[in-house]
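Next comes start_6.pdb, with PDB, C-alpha atoms.
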```
ATOM      1  CA  MET V   1      62.735 -56.963  93.237  1.00  0.00           C
ATOM      2  CA  LYS V   2      64.000 -60.197  91.790  1.00  0.00           C
ATOM      3  CA  ILE V   3      64.403 -60.490  88.013  1.00  0.00           C
ATOM      4  CA  VAL V   4      63.161 -63.901  86.994  1.00  0.00           C
ATOM      5  CA  ASN V   5      63.766 -63.741  83.248  1.00  0.00           C
ATOM      6  CA  LYS V   6      66.739 -61.525  82.352  1.00  0.00           C
ATOM      7  CA  THR V   7      66.096 -61.676  78.609  1.00  0.00           C
ATOM      8  CA  LYS V   8      62.508 -60.524  78.982  1.00  0.00           C
ATOM      9  CA  PHE V   9      63.609 -57.742  81.364  1.00  0.00           C
ATOM     10  CA  ILE V  10      66.308 -56.476  78.972  1.00  0.00           C
ATOM     11  CA  ARG V  11      63.897 -56.567  76.011  1.00  0.00           C
ATOM     12  CA  THR V  12      61.222 -54.653  77.944  1.00  0.00           C
ATOM     13  CA  MET V  13      63.691 -52.032  79.163  1.00  0.00           C
ATOM     14  CA  SER V  14      65.074 -51.631  75.629  1.00  0.00           C
ATOM     15  CA  ILE V  15      61.589 -51.048  74.212  1.00  0.00           C
ATOM     16  CA  ILE V  16      60.831 -48.483  76.918  1.00  0.00           C
ATOM     17  CA  LEU V  17      64.105 -46.623  76.311  1.00  0.00           C
ATOM     18  CA  ILE V  18      63.673 -46.622  72.520  1.00  0.00           C
ATOM     19  CA  THR V  19      60.117 -45.351  72.860  1.00  0.00           C
ATOM     20  CA  LEU V  20      61.239 -42.590  75.236  1.00  0.00           C
ATOM     21  CA  PHE V  21      64.077 -41.626  72.888  1.00  0.00           C
ATOM     22  CA  ILE V  22      61.701 -41.424  69.901  1.00  0.00           C
ATOM     23  CA  CYS V  23      59.260 -39.261  71.876  1.00  0.00           C
ATOM     24  CA  ILE V  24      62.039 -36.846  72.802  1.00  0.00           C
ATOM     25  CA  ILE V  25      63.387 -36.655  69.249  1.00  0.00           C
ATOM     26  CA  PHE V  26      60.017 -36.037  67.600  1.00  0.00           C
ATOM     27  CA  SER V  27      58.607 -33.763  70.254  1.00  0.00           C
ATOM     28  CA  SER V  28      56.902 -30.760  68.685  1.00  0.00           C
ATOM     29  CA  ASN V  29      57.860 -28.370  71.477  1.00  0.00           C
ATOM     30  CA  THR V  30      60.866 -26.223  70.894  1.00  0.00           C
ATOM     31  CA  TYR V  31      62.824 -24.770  73.719  1.00  0.00           C
ATOM     32  CA  SER V  32      64.772 -22.325  71.627  1.00  0.00           C
ATOM     33  CA  ASN V  33      65.950 -19.089  73.092  1.00  0.00           C
ATOM     34  CA  VAL V  34      63.339 -16.629  71.806  1.00  0.00           C
ATOM     35  CA  GLU V  35      63.921 -13.072  72.838  1.00  0.00           C
ATOM     36  CA  ILE V  36      60.906 -11.065  73.959  1.00  0.00           C
ATOM     37  CA  GLY V  37      60.843  -7.320  73.545  1.00  0.00           C
ATOM     38  CA  ASN V  38      58.338  -4.510  73.762  1.00  0.00           C
ATOM     39  CA  LYS V  39      56.875  -1.939  71.434  1.00  0.00           C
ATOM     40  CA  GLU V  40      55.264   1.311  72.480  1.00  0.00           C
ATOM     41  CA  ILE V  41      52.035   2.661  71.097  1.00  0.00           C
ATOM     42  CA  PHE V  42      50.164   5.829  71.969  1.00  0.00           C
ATOM     43  CA  ILE V  43      46.416   5.833  72.427  1.00  0.00           C
ATOM     44  CA  SER V  44      44.524   7.764  69.741  1.00  0.00           C
ATOM     45  CA  SER V  45      41.010   9.128  69.912  1.00  0.00           C
ATOM     46  CA  GLY V  46      38.516   6.247  69.805  1.00  0.00           C
ATOM     47  CA  ASP V  47      41.036   3.561  70.780  1.00  0.00           C
ATOM     48  CA  THR V  48      40.025   0.998  73.371  1.00  0.00           C
ATOM     49  CA  LEU V  49      42.079  -1.734  74.970  1.00  0.00           C
ATOM     50  CA  TRP V  50      39.804  -4.262  73.268  1.00  0.00           C
ATOM     51  CA  LYS V  51      40.477  -2.775  69.784  1.00  0.00           C
ATOM     52  CA  ILE V  52      44.213  -2.666  70.448  1.00  0.00           C
ATOM     53  CA  SER V  53      44.148  -6.269  71.691  1.00  0.00           C
ATOM     54  CA  GLN V  54      42.209  -7.403  68.616  1.00  0.00           C
ATOM     55  CA  ASN V  55      44.761  -5.721  66.337  1.00  0.00           C
ATOM     56  CA  GLU V  56      47.665  -7.323  68.231  1.00  0.00           C
ATOM     57  CA  LEU V  57      45.975 -10.722  68.168  1.00  0.00           C
ATOM     58  CA  ASN V  58      45.807 -10.526  64.368  1.00  0.00           C
ATOM     59  CA  ASN V  59      49.263  -9.006  63.742  1.00  0.00           C
ATOM     60  CA  ASN V  60      51.560  -9.970  66.630  1.00  0.00           C
ATOM     61  CA  LYS V  61      53.116 -13.485  66.783  1.00  0.00           C
ATOM     62  CA  TYR V  62      53.502 -13.102  70.569  1.00  0.00           C
ATOM     63  CA  PHE V  63      49.725 -13.449  70.936  1.00  0.00           C
ATOM     64  CA  GLU V  64      49.306 -16.276  68.408  1.00  0.00           C
ATOM     65  CA  ASN V  65      46.655 -18.854  69.448  1.00  0.00           C
ATOM     66  CA  LYS V  66      45.517 -16.806  72.443  1.00  0.00           C
ATOM     67  CA  ASP V  67      42.015 -15.702  73.351  1.00  0.00           C
ATOM     68  CA  ILE V  68      41.203 -11.983  73.060  1.00  0.00           C
ATOM     69  CA  ARG V  69      40.474 -11.799  76.806  1.00  0.00           C
ATOM     70  CA  GLU V  70      43.897 -13.221  77.563  1.00  0.00           C
ATOM     71  CA  VAL V  71      45.503 -10.594  75.293  1.00  0.00           C
ATOM     72  CA  VAL V  72      43.627  -7.814  77.106  1.00  0.00           C
ATOM     73  CA  ASN V  73      44.784  -9.173  80.469  1.00  0.00           C
ATOM     74  CA  ILE V  74      48.416  -9.477  79.334  1.00  0.00           C
ATOM     75  CA  ILE V  75      48.420  -5.868  78.117  1.00  0.00           C
ATOM     76  CA  LYS V  76      46.754  -4.711  81.356  1.00  0.00           C
ATOM     77  CA  LYS V  77      49.309  -6.568  83.467  1.00  0.00           C
ATOM     78  CA  THR V  78      52.273  -5.380  81.370  1.00  0.00           C
ATOM     79  CA  ASN V  79      51.171  -1.747  81.823  1.00  0.00           C
ATOM     80  CA  ASN V  80      50.032  -2.074  85.462  1.00  0.00           C
ATOM     81  CA  LEU V  81      46.502  -0.990  84.554  1.00  0.00           C
ATOM     82  CA  LYS V  82      43.773  -1.470  87.147  1.00  0.00           C
ATOM     83  CA  ASN V  83      41.030  -1.535  84.499  1.00  0.00           C
ATOM     84  CA  THR V  84      40.606  -1.340  80.731  1.00  0.00           C
ATOM     85  CA  ASN V  85      40.151   2.430  80.597  1.00  0.00           C
ATOM     86  CA  VAL V  86      42.722   4.231  78.454  1.00  0.00           C
ATOM     87  CA  VAL V  87      43.007   7.920  77.579  1.00  0.00           C
ATOM     88  CA  GLU V  88      44.165   9.681  74.436  1.00  0.00           C
ATOM     89  CA  GLY V  89      47.925  10.215  74.448  1.00  0.00           C
ATOM     90  CA  GLN V  90      48.588   7.454  76.988  1.00  0.00           C
ATOM     91  CA  LYS V  91      51.600   5.258  76.205  1.00  0.00           C
ATOM     92  CA  ILE V  92      50.968   1.493  76.182  1.00  0.00           C
ATOM     93  CA  ILE V  93      53.681  -1.171  76.072  1.00  0.00           C
ATOM     94  CA  ILE V  94      52.965  -4.283  73.992  1.00  0.00           C
ATOM     95  CA  PRO V  95      55.085  -7.482  74.243  1.00  0.00           C
ATOM     96  CA  ILE V  96      56.538  -8.796  70.958  1.00  0.00           C
ATOM     97  CA  TYR V  97      58.994 -11.404  69.752  1.00  0.00           C
ATOM     98  CA  LYS V  98      62.212  -9.825  68.518  1.00  0.00           C
TER      99      LYS V  98
END
```
Just give me the structure as structure tokens.
Amino acid sequence: MKIVNKTKFIRTMSIILITLFICIIFSSNTYSNVEIGNKEIFISSGDTLWKISQNELNNNKYFENKDIREVVNIIKKTNNLKNTNVVEGQKIIIPIYK
């Protein structure tokens, strides 16, 4: 590649670099080191995985902006459950932010 106009090339590259720098600085994503923990709950009479998931969706920052079905699946996967059936007295682990 042959640079015909060095001034134009330097100006264009400067604009691209400044734009990239501004995008990085004002990026809304944070890559902070957030620690994830677990809490244990025990199933009471009448509890379902759906009810538990709905409660966690409303009260647990870990599940913020997630769909209820995604919350159910995360809890199932965390507890190695094959289906959504739970029994009274069963211990369930729920992910949380510490």
#### Entry: Proximity to Tyr62 (chain V) - best of V:Arg11, V:Lys39, V:Lys76, V:Lys82, all atoms listed in the file
V:Lys39
### Message
What would the selection look like, as number ranges by chain, if the PyMOL selection byres ((chain V and resi 54) around 10) were run on the coordinates I just shared?
### Response
V: 48-53, 55-60, 63, 67-69, 71-72
### Task
For each of V:Leu17, V:Cys23, V:Val34, V:Ile75, take the minimum atom-to-atom distance to Lys98 (chain V), counting all atoms listed in the file, then give the residue where this is smallest.
V:Val34
### Query
On this structure, which residues satisfy the PyMOL selection byres ((chain V and resi 46) around 10), written as a list in words?
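That selection, the PyMOL selection byres ((chain V and resi 46) around 10), comes back as Ile43, Ser44, Ser45, Asp47, Thr48, Lys51, Val86, Val87 and Glu88 of chain V.
The space separating CA of Ile93 (chain V) from CA of Lys77 (chain V) comes to 10.1 Å.
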### Task
Could you please determine the separation between CA of Glu40 (chain V) and CA of Ile74 (chain V) in Å, to one decimal place?
14.5 Å
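Our summary of the geometry notes that CA of Phe42 (chain V) is positioned 5.5 Å from CA of Gly89 (chain V).
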### Query
Closest to Ile96 (chain V) among V:Thr84, V:Thr78, V:Asn38, V:Ser14, using all atoms listed in the file?
V:Asn38
### Pick from V:Phe26, V:Ile41, V:Asn73, V:Lys61, whichever lies nearest to Lys91 (chain V) using all atoms listed in the file
V:Ile41
Six-sided padding of 4 Å per side, axis-aligned box over region 64-74 of chain V, centre and edges in Å, one decimal, as JSON:
```
{"center_x": 44.9, "center_y": -13.3, "center_z": 74.4, "size_x": 16.8, "size_y": 19.0, "size_z": 20.1}
```
